[in-house]
Amino acid sequence: MDLMEKLTILADAAKYDAACTSSGVVRGGKAGTIGTANNSGCCHTFTADGRCVSLLKVLMTNHCCYDCAYCVNRKSNDLPRAAFTPRELCELTIQFYRRNYIEGLFLSSAVLKDPDFTTERMIEALRLLRTEYHFNGYIHAKAIPGADPALTHRLGLLADRLSVNIELPSESSLQMLAPDKTKTSILTPMAQIRDGAEQSKQELKLYRHAPRFAPAGQSTQMIVGATPETDRHILSLTQGLYRKYQLRRVFFSAYIPVSDHKNLPAPVGFKPPLLREHRLYQADWLLRFYGFTAEELLDDEEEQLDPLLDPKSQWALRHPEFFPVELNRADYEAILRVPGIGVRGAKRIVVARRVGPITFEGLKRLGVVMKRCQYFVTCSGKMLPGLRCSPQSVYRQLVGIEQAGLPGETWRQLSLFDGRAG
């Protein structure tokens with residue numbers, strides 16, 4: 001099998017990993033090296049399936065000794081198998097970089113033989129890239145659960161970011177669909193990466209040339225829709241991962257049917273829950289940047305995000321006692337909770353009101369989405385004239401705004417699913 005055939009197979013197998021974001025690391029060019037890394041991200045390229053991504057995203061191999069029911073690379077699946085040698089992967093990366101196709105590498109792998117053997121092959125590939133090929137660009141590597149901690153540490157010294165996929169939101173789901181994996185085997189390397197990064201920061205304070213361990217931190221990925229966990233469960237887990245393991249990002253991946261396993265949704269007629277994935281990303285943004293907690297967004301009475309409404313608007317309609325917010329007096333944190341006002345808009349409002357009072361006309365110039373926020377704010381004690389502010393009318397108006405941003409067929413399906421669309 002030639003190199004391009006391997007690339008076709010292993011790039012296609014890597015498409016289920018969602019982690020193409022800005023690098024989160026700043027490293028300029030050095031004499032005698034190739035490439036740089038910076039926090040504005042990497043240039044775009046295309047995988048074998050035609051998707052535009054920022055990195056060369058590929059698997060070391062799709063040979064796997066595990067039989068996870070939700071995974072296309074499970075050992076019981078009959079599909080073409082391939083594996084790069086460390087040297088082949090290095091040559092491919094460098095050739096793509098020199099042609100200006102990529103600025104970095106995203107390297108994952110199925111588990112060949114065992115976690116230690118797989119990690120050793122990944123380490124050898126990255127070692128060659130960094131030392132022999134002098135590649136100074138961004139590298140994101142997948143840490144393999146169950147690998148020896150010493151190997152994971154070596155991998156972190158070569159990569160800019162590490163990630164350990166948590167895969168499913170509960171241990172019971174892991175036991176049902178991925179019997180070779182356990183919650184402990186996944187969380188243990190997460191804790192090791194967290195501690196290694198913190199230790200590296202302390203060492204760099206004492207000696208600026210100390211080796212850097214995963215300077216861009218760590219991330220993880222969760223599959224959504226393959227198992228019955230609620231959005232509340234997923235967001236609570238996400239919040240816990242951010243707090244306990246200091247993750248930079250949790251990625252959500254809508255389940256795509258790749259198996260007819262009895263415990264998975266039937267592939268016939270099943271559609272990936274892409275809108276649910278989108279709502280979870282919106283809620284994740286609220287956890288990370290807007291000061292919300294998972295307990296505020298969802299509770300025992302309402303455990304699912306509204307598919308027809310963004311989570312911030314859903315929270316606002318459930319908490320009428322918090323509104324209206326007076327924009328000329330409210331603090332920054334309160335302004336952030338208003339639908340239609342983002343982080344940048346809230347900062348602009350706080351700065352602008354030092355010069356003069358905030359008006360509804362002025363809000364438009366500050367970049368505020370008036371169609372959303374007009375129901376929840378006052379300017380100098382007055383609401384926008386002519387508004388119908390009953391909960392039902394506001395809900396319909398906000399859903400209408402969401403409808404305008406969705407394709408007609410998608411909205412038609414949602415309307416059949418949820419009668420609140422009317």
# chains A, B, ... in the order shown; residues from 1 in each chain; ligands from 1
$ residues_around --residues "region 186-197 of chain A" --least-positions-apart "3" --cutoff "10 Å" --atoms "only C-alpha atoms" --output "PyMOL selection string"
chain A and resi 143-150+152-153+156-157+161-167+181-183+200-203+212-220+241+244-247
$ select_by_dssp --residues "region 177-232 of chain A" --states "helix (DSSP H, G or I)" --output "ChimeraX atom specification"
/A:177,183-206,231-232
$ residues_around --residues "Val343 (chain A)" --least-positions-apart "3" --cutoff "10 Å" --atoms "only C-alpha atoms" --output "NGL selection string"
:A and (289-290 or 332-333 or 335-337 or 346-348)
$ select_by_dssp --residues "region 264-398 of chain A" --states "strand (DSSP E or B)" --output "NGL selection string"
:A and (325-326 or 377-379 or 382)
$ write_last_selection --atoms "all heavy atoms" --output "compact mmCIF listing (two decimals), in the first residue's frame"
# COMPACT_ATOMS: atom_id res chain seq x y z
N VAL A 325 -33.26 44.28 32.87
CA VAL A 325 -31.97 44.77 33.34
C VAL A 325 -31.81 46.21 32.88
O VAL A 325 -31.92 46.51 31.68
CB VAL A 325 -30.82 43.90 32.80
CG1 VAL A 325 -29.47 44.52 33.12
CG2 VAL A 325 -30.92 42.49 33.36
N GLU A 326 -31.55 47.10 33.82
CA GLU A 326 -31.32 48.51 33.48
C GLU A 326 -29.86 48.69 33.06
O GLU A 326 -28.94 48.59 33.87
CB GLU A 326 -31.64 49.40 34.69
CG GLU A 326 -31.25 50.86 34.55
CD GLU A 326 -31.74 51.49 33.25
OE1 GLU A 326 -32.96 51.45 32.99
OE2 GLU A 326 -30.90 52.02 32.49
N VAL A 377 -34.41 44.38 28.57
CA VAL A 377 -33.63 45.51 29.08
C VAL A 377 -34.47 46.78 29.12
O VAL A 377 -35.50 46.90 28.44
CB VAL A 377 -32.38 45.76 28.21
CG1 VAL A 377 -31.46 44.55 28.22
CG2 VAL A 377 -32.76 46.14 26.78
N THR A 378 -33.99 47.71 29.94
CA THR A 378 -34.53 49.07 29.94
C THR A 378 -33.36 50.04 29.80
O THR A 378 -32.23 49.73 30.21
CB THR A 378 -35.29 49.39 31.23
OG1 THR A 378 -34.42 49.21 32.36
CG2 THR A 378 -36.51 48.50 31.39
N CYS A 379 -33.63 51.19 29.22
CA CYS A 379 -32.66 52.27 29.13
C CYS A 379 -33.25 53.49 29.83
O CYS A 379 -34.33 53.98 29.43
CB CYS A 379 -32.34 52.60 27.68
SG CYS A 379 -31.46 51.29 26.79
N LYS A 382 -36.89 52.91 30.92
CA LYS A 382 -37.94 52.73 29.92
C LYS A 382 -37.64 51.55 29.01
O LYS A 382 -36.49 51.32 28.63
CB LYS A 382 -38.11 54.00 29.08
CG LYS A 382 -38.53 55.23 29.87
CD LYS A 382 -38.65 56.43 28.96
CE LYS A 382 -39.06 57.67 29.76
NZ LYS A 382 -39.18 58.87 28.87
$ residues_around --residues "Val351 (chain A)" --least-positions-apart "5" --cutoff "12 Å" --atoms "only C-alpha atoms" --output "list in words"
Leu327, Asn328, Asp331, Tyr332, Arg344, Gly345, Ala346, Gly356, Pro357, Ile358 and Leu366 of chain A
$ closest_residue --among "A:Leu107, A:Val258, A:Val250, A:Ala210" --to "Leu59 (chain A)" --atoms "only C-alpha atoms"
A:Leu107
$ closest_residue --among "A:Ser170, A:Gln175, A:Ser313, A:Thr184" --to "Thr238 (chain A)" --atoms "only C-alpha atoms"
A:Ser170
$ atom_distance --atom1 "CA of Lys271 (chain A)" --atom2 "CA of Tyr255 (chain A)"
8.7 Å
